[in-house]
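Asker: Have a peek at run_15.cif (mmCIF, C-alpha atoms and all ligand atoms).
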```cif
data_data
loop_
_atom_site.label_atom_id
_atom_site.label_comp_id
_atom_site.auth_asym_id
_atom_site.auth_seq_id
_atom_site.Cartn_x
_atom_site.Cartn_y
_atom_site.Cartn_z
CA MET A 10 0.00 0.00 0.00
CA LEU A 11 2.75 2.46 1.03
CA TRP A 12 4.87 1.91 -2.09
CA ASN A 13 1.85 1.96 -4.40
CA TYR A 14 0.97 5.32 -2.94
CA LEU A 15 4.50 6.71 -3.16
CA ARG A 16 5.02 5.51 -6.73
CA ARG A 17 1.56 5.92 -8.24
CA ASP A 18 -1.43 7.01 -6.15
CA LYS A 19 0.18 10.19 -4.76
CA LYS A 20 -0.44 11.66 -8.22
CA THR A 21 -4.15 11.82 -7.37
CA VAL A 22 -3.59 14.07 -4.33
CA CYS A 23 -2.97 17.79 -4.82
CA GLY A 24 0.28 18.96 -3.24
CA TRP A 25 4.05 18.72 -3.48
CA LEU A 26 5.97 15.46 -3.24
CA GLN A 27 8.38 14.65 -6.02
CA ARG A 28 9.20 11.08 -6.91
CA VAL A 29 12.80 11.13 -5.63
CA ASP A 30 11.66 12.43 -2.25
CA ALA A 31 8.87 9.85 -2.23
CA GLU A 32 11.48 7.10 -2.77
CA ILE A 33 13.68 8.54 -0.02
CA ILE A 34 10.78 8.78 2.43
CA GLY A 35 9.67 5.22 1.60
CA SER A 36 13.21 3.92 2.14
CA ILE A 37 13.52 5.73 5.48
CA LEU A 38 10.16 4.42 6.70
CA ALA A 39 11.07 0.88 5.55
CA PHE A 40 14.42 1.11 7.35
CA GLN A 41 12.68 2.26 10.54
CA HIS A 42 10.24 -0.63 10.26
CA GLN A 43 12.98 -3.23 9.70
CA ASN A 44 15.03 -1.90 12.60
CA LYS A 45 12.12 -1.51 15.00
CA ILE A 46 12.64 2.24 15.34
CA ALA A 47 9.38 3.22 16.98
CA GLY A 48 7.69 6.57 17.46
CA SER A 49 5.16 8.91 15.95
CA CYS A 50 5.06 10.82 12.66
CA VAL A 51 4.47 14.59 12.54
CA GLU A 52 4.03 16.99 9.66
CA ILE A 53 3.87 20.78 9.89
CA GLY A 54 2.07 22.06 6.77
CA VAL A 55 -0.09 19.31 5.26
CA HIS A 56 -2.12 21.22 2.59
CA HIS A 57 -4.38 18.35 1.35
CA GLY A 58 -2.33 15.54 2.93
CA LYS A 59 -0.12 14.46 0.02
CA SER A 60 2.98 13.73 2.12
CA PHE A 61 1.13 13.17 5.41
CA ILE A 62 -0.75 10.15 4.02
CA PRO A 63 2.35 7.92 3.57
CA LEU A 64 3.46 8.78 7.10
CA CYS A 65 0.10 7.53 8.37
CA MET A 66 0.35 4.42 6.17
CA ALA A 67 3.64 3.55 7.87
CA LEU A 68 2.23 3.73 11.42
CA ARG A 69 2.12 0.61 13.53
CA ASN A 70 -1.06 -0.03 15.55
CA ASP A 71 0.36 1.53 18.69
CA GLU A 72 1.75 4.64 16.97
CA LEU A 73 0.17 8.05 16.30
CA ALA A 74 0.49 10.83 13.75
CA LEU A 75 0.05 14.57 14.28
CA CYS A 76 -0.65 17.15 11.61
CA ILE A 77 -0.19 20.85 12.24
CA ASP A 78 -1.70 23.27 9.73
CA LEU A 79 -3.40 26.66 9.74
CA PHE A 80 -6.34 25.25 7.79
CA ASP A 81 -9.09 27.91 8.21
CA GLU A 82 -6.67 30.52 9.57
CA GLN A 83 -5.10 31.33 6.18
CA SER A 84 -4.71 34.99 7.18
CA LYS A 85 -1.70 33.70 9.17
CA ASN A 86 -0.22 32.04 6.06
CA LEU A 87 2.44 34.74 5.80
CA ASP A 88 4.12 33.53 2.60
CA ALA A 89 1.06 32.03 0.89
CA SER A 90 2.75 28.65 0.45
CA GLY A 91 -0.02 26.15 -0.17
CA LYS A 92 -3.41 26.45 1.48
CA GLY A 93 -4.43 23.87 4.04
CA ASP A 94 -7.99 22.67 3.52
CA LYS A 95 -9.43 20.48 6.28
CA ALA A 96 -12.33 19.14 4.20
CA LYS A 97 -10.04 18.06 1.35
CA PHE A 98 -7.50 16.70 3.84
CA ASP A 99 -10.16 14.60 5.59
CA LYS A 100 -11.49 13.36 2.26
CA ASN A 101 -8.03 12.25 1.15
CA LEU A 102 -7.39 10.45 4.43
CA GLY A 103 -10.69 8.65 3.89
CA ARG A 104 -9.86 7.74 0.27
CA PHE A 105 -6.71 5.98 1.43
CA ARG A 106 -8.41 4.36 4.43
CA ILE A 107 -6.22 6.02 7.04
CA ASP A 108 -7.35 5.05 10.54
CA THR A 109 -8.17 8.49 11.92
CA SER A 110 -8.21 7.19 15.50
CA GLN A 111 -4.41 7.27 15.11
CA VAL A 112 -4.37 10.86 13.81
CA ARG A 113 -4.22 14.03 15.90
CA VAL A 114 -4.86 17.46 14.39
CA PHE A 115 -3.63 20.87 15.52
CA ALA A 116 -5.43 23.57 13.53
CA GLY A 117 -3.35 26.71 13.98
CA SER A 118 0.13 28.11 13.57
CA SER A 119 3.14 26.02 14.46
CA VAL A 120 4.54 29.03 16.33
CA ASP A 121 1.80 28.40 18.91
CA VAL A 122 2.86 24.77 19.38
CA THR A 123 5.29 23.67 22.09
CA PRO A 124 7.48 20.55 22.23
CA GLY A 125 5.51 19.53 25.34
CA TYR A 126 2.26 19.65 23.36
CA ILE A 127 3.66 17.36 20.65
CA LEU A 128 5.05 14.91 23.22
CA ARG A 129 1.72 14.83 25.07
CA GLN A 130 -0.24 14.29 21.86
CA VAL A 131 1.87 11.65 20.13
CA GLY A 132 5.07 10.97 22.13
CA GLN A 133 8.56 11.05 20.63
CA VAL A 134 8.76 11.46 16.89
CA ARG A 135 10.53 9.13 14.44
CA PHE A 136 9.63 11.08 11.28
CA PHE A 137 9.15 14.87 11.46
CA SER A 138 8.26 16.59 8.19
CA ILE A 139 8.57 20.40 8.06
CA ASP A 140 6.67 22.12 5.24
CA GLY A 141 4.67 24.90 6.93
CA GLY A 142 5.49 28.60 6.99
CA HIS A 143 8.48 29.66 4.86
CA TRP A 144 9.61 32.64 6.93
CA ARG A 145 12.96 32.29 8.67
CA SER A 146 11.44 32.72 12.15
CA ILE A 147 8.89 29.97 11.45
CA VAL A 148 11.43 27.56 9.93
CA ARG A 149 13.69 28.10 12.91
CA ASN A 150 10.74 27.51 15.28
CA ASP A 151 9.73 24.35 13.43
CA LEU A 152 13.27 22.94 13.49
CA GLN A 153 13.41 23.62 17.23
CA LEU A 154 10.14 21.73 17.69
CA ALA A 155 11.52 18.81 15.68
CA GLU A 156 14.84 18.83 17.53
CA GLN A 157 13.15 18.73 20.93
CA THR A 158 10.72 15.93 20.12
CA LEU A 159 12.84 13.68 17.88
CA SER A 160 13.41 10.12 19.07
CA ASP A 161 16.92 8.70 19.15
CA GLY A 162 16.66 7.13 15.68
CA GLY A 163 14.29 9.73 14.23
CA VAL A 164 14.55 11.69 10.99
CA ILE A 165 13.64 15.29 10.10
CA ALA A 166 12.69 16.20 6.52
CA LEU A 167 12.90 19.93 5.75
CA ASP A 168 11.12 21.07 2.60
CA ASP A 169 12.39 23.75 0.20
CA TYR A 170 15.94 23.90 1.61
CA CYS A 171 18.19 25.75 -0.88
CA ARG A 172 15.30 26.71 -3.13
CA SER A 173 15.93 30.15 -4.56
CA ASP A 174 12.20 30.96 -4.60
CA TRP A 175 12.00 30.39 -0.80
CA PRO A 176 15.33 31.83 0.44
CA ASP A 177 14.14 32.34 4.02
CA VAL A 178 13.90 28.56 4.49
CA THR A 179 17.66 28.27 4.02
CA TYR A 180 18.18 31.33 6.24
CA GLY A 181 15.99 29.82 8.99
CA TYR A 182 17.84 26.51 8.72
CA SER A 183 21.18 28.31 9.10
CA LEU A 184 19.94 30.19 12.17
CA TRP A 185 18.91 26.89 13.74
CA GLN A 186 22.10 25.11 12.67
CA ASN A 187 24.22 27.88 14.18
CA GLU A 188 22.58 27.71 17.58
CA THR A 189 21.63 24.03 17.98
CA LYS A 190 23.37 22.13 20.73
CA SER A 191 22.00 18.88 19.39
CA ASP A 192 23.90 16.21 17.44
CA ILE A 193 21.41 16.41 14.56
CA VAL A 194 23.13 16.64 11.17
CA PRO A 195 22.03 16.43 7.53
CA PHE A 196 22.65 13.10 5.79
CA ALA A 197 20.90 13.48 2.41
CA SER A 198 19.24 15.97 0.13
CA GLY A 199 16.44 14.92 -2.18
CA SER A 200 14.84 16.81 -5.03
CA ASN A 201 13.20 19.27 -2.65
CA LYS A 202 14.01 18.19 0.92
CA LEU A 203 16.94 18.05 3.30
CA TYR A 204 17.05 14.98 5.58
CA LEU A 205 18.59 15.10 9.07
CA CYS A 206 19.13 12.67 11.93
CA ARG A 207 21.41 12.21 14.92
CA LYS A 208 25.05 11.90 13.89
CA ASP A 209 25.40 8.29 15.10
CA HIS A 210 22.53 7.17 12.87
CA ALA A 211 23.62 9.01 9.72
CA PRO A 212 25.72 6.17 8.20
CA GLU A 213 22.87 3.68 8.48
CA TYR A 214 20.31 6.07 6.97
CA ARG A 215 22.69 6.92 4.12
CA ALA A 216 23.12 3.20 3.47
CA ALA A 217 19.33 2.69 3.56
CA LEU A 218 19.03 5.05 0.59
CA HIS A 219 21.34 2.96 -1.60
CA THR A 220 18.46 1.42 -3.55
CA PRO A 221 18.40 0.49 -7.27
CA TYR A 222 16.07 3.41 -8.01
CA LEU A 223 17.92 6.07 -6.02
CA ALA A 224 21.29 4.91 -7.39
CA HIS A 225 20.34 6.64 -10.67
CA TYR A 226 19.89 9.94 -8.80
CA LEU A 227 22.86 9.93 -6.43
CA ASN A 228 25.10 12.60 -7.91
CA ASN A 229 27.35 13.77 -5.10
CA SER A 230 28.61 12.82 -1.66
CA TYR A 231 29.89 15.77 0.29
CA LYS A 232 31.89 15.56 3.51
CA THR A 233 31.89 18.52 5.89
CA GLU A 234 33.46 18.99 9.32
CA GLU A 235 30.58 17.23 11.00
CA ALA A 236 28.55 15.37 8.40
CA GLU A 237 28.53 13.45 5.14
CA ILE A 238 25.63 14.26 2.84
CA ASP A 239 24.48 12.33 -0.22
CA SER A 240 22.75 14.48 -2.81
CA TYR A 241 19.91 13.02 -4.87
CA ARG A 242 18.92 16.39 -6.25
CA VAL A 243 18.90 16.70 -10.03
CA GLU A 244 19.76 20.22 -11.09
CA PRO A 245 20.17 21.17 -14.74
CA PHE A 246 22.86 23.70 -13.89
CA ASN A 247 24.98 22.87 -16.95
CA GLN A 248 22.02 22.89 -19.25
CA ASP A 249 23.16 25.10 -22.08
CA GLU A 250 26.50 23.34 -22.40
CA GLU A 251 25.24 19.77 -22.17
CA ARG A 252 25.02 17.35 -25.05
CA THR A 253 21.47 16.88 -26.34
CA LYS A 254 21.35 13.29 -25.05
CA MET A 255 22.33 14.45 -21.58
CA ALA A 256 19.80 17.29 -21.64
CA LEU A 257 17.03 14.87 -22.64
CA GLU A 258 18.10 12.45 -19.93
CA LEU A 259 18.00 15.25 -17.35
CA ALA A 260 14.54 16.33 -18.48
CA LEU A 261 13.25 12.77 -18.20
CA LYS A 262 14.90 12.35 -14.80
CA ILE A 263 13.15 15.43 -13.45
CA PHE A 264 9.77 15.36 -15.17
CA ARG A 265 9.18 11.70 -16.14
CA PRO A 266 11.10 9.68 -13.53
CA ASP A 267 9.19 6.44 -14.19
CA ILE A 268 9.93 6.56 -17.93
CA PHE A 269 13.56 7.43 -17.16
CA PHE A 270 13.94 4.47 -14.79
CA HIS A 271 12.28 2.09 -17.25
CA LEU A 272 14.44 3.19 -20.19
CA LYS A 273 17.59 3.18 -18.11
CA ASN A 274 17.04 -0.42 -17.04
CA ARG A 275 15.92 -1.58 -20.45
CA PHE A 276 18.56 0.10 -22.57
CA ARG A 277 21.32 0.26 -20.00
CA ARG A 278 24.19 0.06 -22.52
CA LEU A 279 22.64 2.51 -24.92
CA LEU A 280 22.10 5.21 -22.32
CA ASN A 281 25.47 4.85 -20.63
C1 LIG B 301 3.54 23.93 0.85
S1 LIG B 301 2.09 23.57 1.73
C2 LIG B 301 2.38 21.95 2.36
C3 LIG B 301 2.40 20.88 1.32
C4 LIG B 301 2.27 19.49 1.85
N1 LIG B 301 3.36 19.12 2.73
C5 LIG B 301 2.13 18.46 0.77
O1 LIG B 301 2.48 17.32 0.99
O2 LIG B 301 1.64 18.75 -0.32
C6 LIG B 301 2.27 24.59 3.16
C7 LIG B 301 1.18 24.40 4.19
O3 LIG B 301 1.61 25.02 5.39
C8 LIG B 301 0.51 25.65 6.01
N2 LIG B 301 1.09 26.72 6.84
C9 LIG B 301 1.61 27.90 6.45
N3 LIG B 301 2.10 28.58 7.51
C10 LIG B 301 1.89 27.80 8.61
C11 LIG B 301 2.16 27.93 9.99
N4 LIG B 301 2.75 29.03 10.49
N5 LIG B 301 1.79 26.93 10.83
C12 LIG B 301 1.18 25.82 10.34
N6 LIG B 301 0.92 25.64 9.04
C13 LIG B 301 1.27 26.60 8.18
C14 LIG B 301 -0.40 26.10 4.86
O4 LIG B 301 -1.73 26.20 5.27
C15 LIG B 301 -0.18 24.97 3.83
O5 LIG B 301 -1.16 23.99 3.95
#
```
For the structure just supplied, provide its representation as structure tokens.
Answerer:
Amino acid sequence: MLWNYLRRDKKTVCGWLQRVDAEIIGSILAFQHQNKIAGSCVEIGVHHGKSFIPLCMALRNDELALCIDLFDEQSKNLDASGKGDKAKFDKNLGRFRIDTSQVRVFAGSSVDVTPGYILRQVGQVRFFSIDGGHWRSIVRNDLQLAEQTLSDGGVIALDDYCRSDWPDVTYGYSLWQNETKSDIVPFASGSNKLYLCRKDHAPEYRAALHTPYLAHYLNNSYKTEEAEIDSYRVEPFNQDEERTKMALELALKIFRPDIFFHLKNRFRRLLN
């Protein structure tokens, strides 16, 4: 059910979750399942539930999920990123048969949420997705919430990191990174998300992403003073100097990932 959603059915839900990030999220959730890493799933900024649904699909019977969104309070949506809609969100949860007795909802701004509230609602968090307000103060607040509620083996996914159309996200991340006393470090970047976990767990999460599908997207491994980050982000930064074949391959990789993967496997020699 989870993989069908991540690879196919997500296309029927309005929102933002690109295929590479869907593969990364699926691989992280599968790794947590295999290694009995327990805890809740939280998302700040759910819109119509596109990326919240797979988090709910991955819950065990004794685990809970929490969504935090402004929903009807869109006057507080300071950067107009998405537009949470509770009726559409509920309908989508129903379409995918999510057990809503395992779902908690906070309708309001994440700046009014405390770590204590999250811990009381759903306990420690093993997957914390941040995709709410895109102002630096909100991103910093949301990272602090994630940091203070994350379980030992938990993962944070931060949306829109290093996106030039949302520069305050990167600014807010840097503010948090500068001041955090935690051992939380980035370990991978996807097409539109940065993934973080505690330093000790980074090697195993990086290894968990070495799948046949993601292997086609891994384009850089970058070692810093404190972390090693695998990049799965496809950026056509050399576009006007690339050979036509390469440009076509890049376009397929970004916009038609399923066709790209199929052709790559079928005509391996031809494309290499
Ligand atoms: C980009 S959309 C989220 C997309 C979603 N993650 C998906 O899978 O498609 C951003 C969402 O954040 C919500 N939002 C904006 N500012 C917020 C805040 N301060 N607190 C909580 N939610 C916020 C908006 O209502 C909107 O639904």
Asker: With all atoms listed in the file counted and 9 Å as the cut-off, give the residues of chain A in contact with ligand LIG 301 (chain B), each with its shortest interatomic distance in Å and the pair that gives it, as a tab-separated table.
Answerer:
```
residue	atom	partner	partner_atom	distance
A:Val22	CA	B:LIG301	O2	8.1
A:Cys23	CA	B:LIG301	O2	6.5
A:Gly24	CA	B:LIG301	O2	3.2
A:Trp25	CA	B:LIG301	O2	4.0
A:Leu26	CA	B:LIG301	O1	5.8
A:Glu52	CA	B:LIG301	N1	7.3
A:Ile53	CA	B:LIG301	C12	5.7
A:Gly54	CA	B:LIG301	O3	3.3
A:Val55	CA	B:LIG301	C4	4.2
A:His56	CA	B:LIG301	O5	3.2
A:His57	CA	B:LIG301	O2	6.3
A:Gly58	CA	B:LIG301	O1	5.5
A:Lys59	CA	B:LIG301	O1	4.0
A:Ser60	CA	B:LIG301	O1	3.8
A:Phe61	CA	B:LIG301	O1	6.2
A:Ile62	CA	B:LIG301	O1	8.4
A:Cys76	CA	B:LIG301	C12	9.0
A:Ile77	CA	B:LIG301	C12	5.5
A:Asp78	CA	B:LIG301	N6	3.6
A:Leu79	CA	B:LIG301	N6	4.5
A:Phe80	CA	B:LIG301	O4	5.3
A:Asp81	CA	B:LIG301	O4	8.1
A:Glu82	CA	B:LIG301	O4	7.8
A:Gln83	CA	B:LIG301	O4	6.2
A:Lys85	CA	B:LIG301	N4	6.6
A:Asn86	CA	B:LIG301	N3	4.4
A:Leu87	CA	B:LIG301	N3	6.4
A:Asp88	CA	B:LIG301	N3	7.3
A:Ala89	CA	B:LIG301	C9	6.9
A:Ser90	CA	B:LIG301	C1	4.8
A:Gly91	CA	B:LIG301	S1	3.8
A:Lys92	CA	B:LIG301	O5	4.1
A:Gly93	CA	B:LIG301	O5	3.3
A:Asp94	CA	B:LIG301	O5	7.0
A:Phe115	CA	B:LIG301	C12	8.6
A:Ala116	CA	B:LIG301	C12	7.7
A:Gly117	CA	B:LIG301	C12	5.9
A:Ser118	CA	B:LIG301	N5	3.4
A:Ser119	CA	B:LIG301	N5	4.0
A:Val120	CA	B:LIG301	N4	6.1
A:Asp121	CA	B:LIG301	N5	8.2
A:Val122	CA	B:LIG301	N5	8.9
A:Ser138	CA	B:LIG301	N1	7.8
A:Ile139	CA	B:LIG301	N1	7.6
A:Asp140	CA	B:LIG301	N1	5.1
A:Gly141	CA	B:LIG301	O3	3.4
A:Gly142	CA	B:LIG301	N3	3.4
A:His143	CA	B:LIG301	N3	7.0
A:Trp144	CA	B:LIG301	N4	8.5
A:Ile147	CA	B:LIG301	N4	6.3
A:Val148	CA	B:LIG301	N4	8.8
A:Asp151	CA	B:LIG301	N5	8.7
A:Asp168	CA	B:LIG301	N1	8.0
A:Asp169	CA	B:LIG301	C1	8.9
```
Asker: Identify the residues within 12 Å of coordinate (32.8, 15.7, 9.8) (same frame as the file), considering all atoms listed in the file, and give the answer as an mmCIF file with C-alpha atoms, in the frame of the given file.
Answerer:
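Saved result, result-v7.cif, follows:
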```cif
data_model
loop_
_atom_site.group_PDB
_atom_site.id
_atom_site.type_symbol
_atom_site.label_atom_id
_atom_site.label_comp_id
_atom_site.auth_asym_id
_atom_site.auth_seq_id
_atom_site.Cartn_x
_atom_site.Cartn_y
_atom_site.Cartn_z
ATOM 1 C CA ASP A 192 23.900 16.210 17.440
ATOM 2 C CA VAL A 194 23.130 16.640 11.170
ATOM 3 C CA PRO A 195 22.030 16.430 7.530
ATOM 4 C CA PHE A 196 22.650 13.100 5.790
ATOM 5 C CA LYS A 208 25.050 11.900 13.890
ATOM 6 C CA ASP A 209 25.400 8.290 15.100
ATOM 7 C CA ALA A 211 23.620 9.010 9.720
ATOM 8 C CA PRO A 212 25.720 6.170 8.200
ATOM 9 C CA TYR A 231 29.890 15.770 0.290
ATOM 10 C CA LYS A 232 31.890 15.560 3.510
ATOM 11 C CA THR A 233 31.890 18.520 5.890
ATOM 12 C CA GLU A 234 33.460 18.990 9.320
ATOM 13 C CA GLU A 235 30.580 17.230 11.000
ATOM 14 C CA ALA A 236 28.550 15.370 8.400
ATOM 15 C CA GLU A 237 28.530 13.450 5.140
ATOM 16 C CA ILE A 238 25.630 14.260 2.840
#
```
Asker: Taking into account all atoms listed in the file, which residue in the set A:Ala96, A:Ile37, A:Ala155, A:Met10 is nearest to Thr220 of chain A?
Answerer: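 Checking each candidate against Thr220 of chain A, we get A:Ile37 as the closest.
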Asker: In Å, rounded to a single decimal, give me how far atom CA of Leu167 of chain A is from atom CA of Phe137 of chain A.
Answerer: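 Here the two named atoms are 8.5 Å from each other.
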Asker: For atom CA of Arg28 of chain A and atom CA of Leu15 of chain A, determine how far apart the two atoms are, in Å to one decimal place.
Answerer: 7.4 Å
Asker: Just the residues within 12 Å of Asn201 of chain A, please, counting all atoms listed in the file, with nothing from its chain fewer than 5 positions along; format it as a ChimeraX atom specification.
Answerer: /A:25-31,33-34,139-140,166-175,178,240-244,263
Asker: So that I can check the surroundings of Ser36 of chain A, please list as a VMD selection string every protein, DNA and RNA residue that reaches within 12 Å of it, counting all atoms listed in the file and ignoring chain neighbours fewer than 2 positions away.
Answerer: chain A and resid 11 to 12 15 29 to 34 38 to 43 63 to 64 67 164 213 to 223
Asker: Calculate how many Å separate atom CA of Val131 of chain A from atom CA of Ser49 of chain A, rounding to one decimal.
Answerer: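 So the two atoms, atom CA of Val131 of chain A and atom CA of Ser49 of chain A, lie 6.0 Å apart.
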Asker: Please return the centre and edge lengths, in Å to one decimal, of a box with edges along x, y and z that contains all listed atoms of segment 116-121 of chain A, widened by 8 Å on every side, as lines of an AutoDock Vina configuration file.
Answerer:
```
center_x = -0.4
center_y = 26.3
center_z = 16.2
size_x = 26.0
size_y = 21.5
size_z = 21.4
```
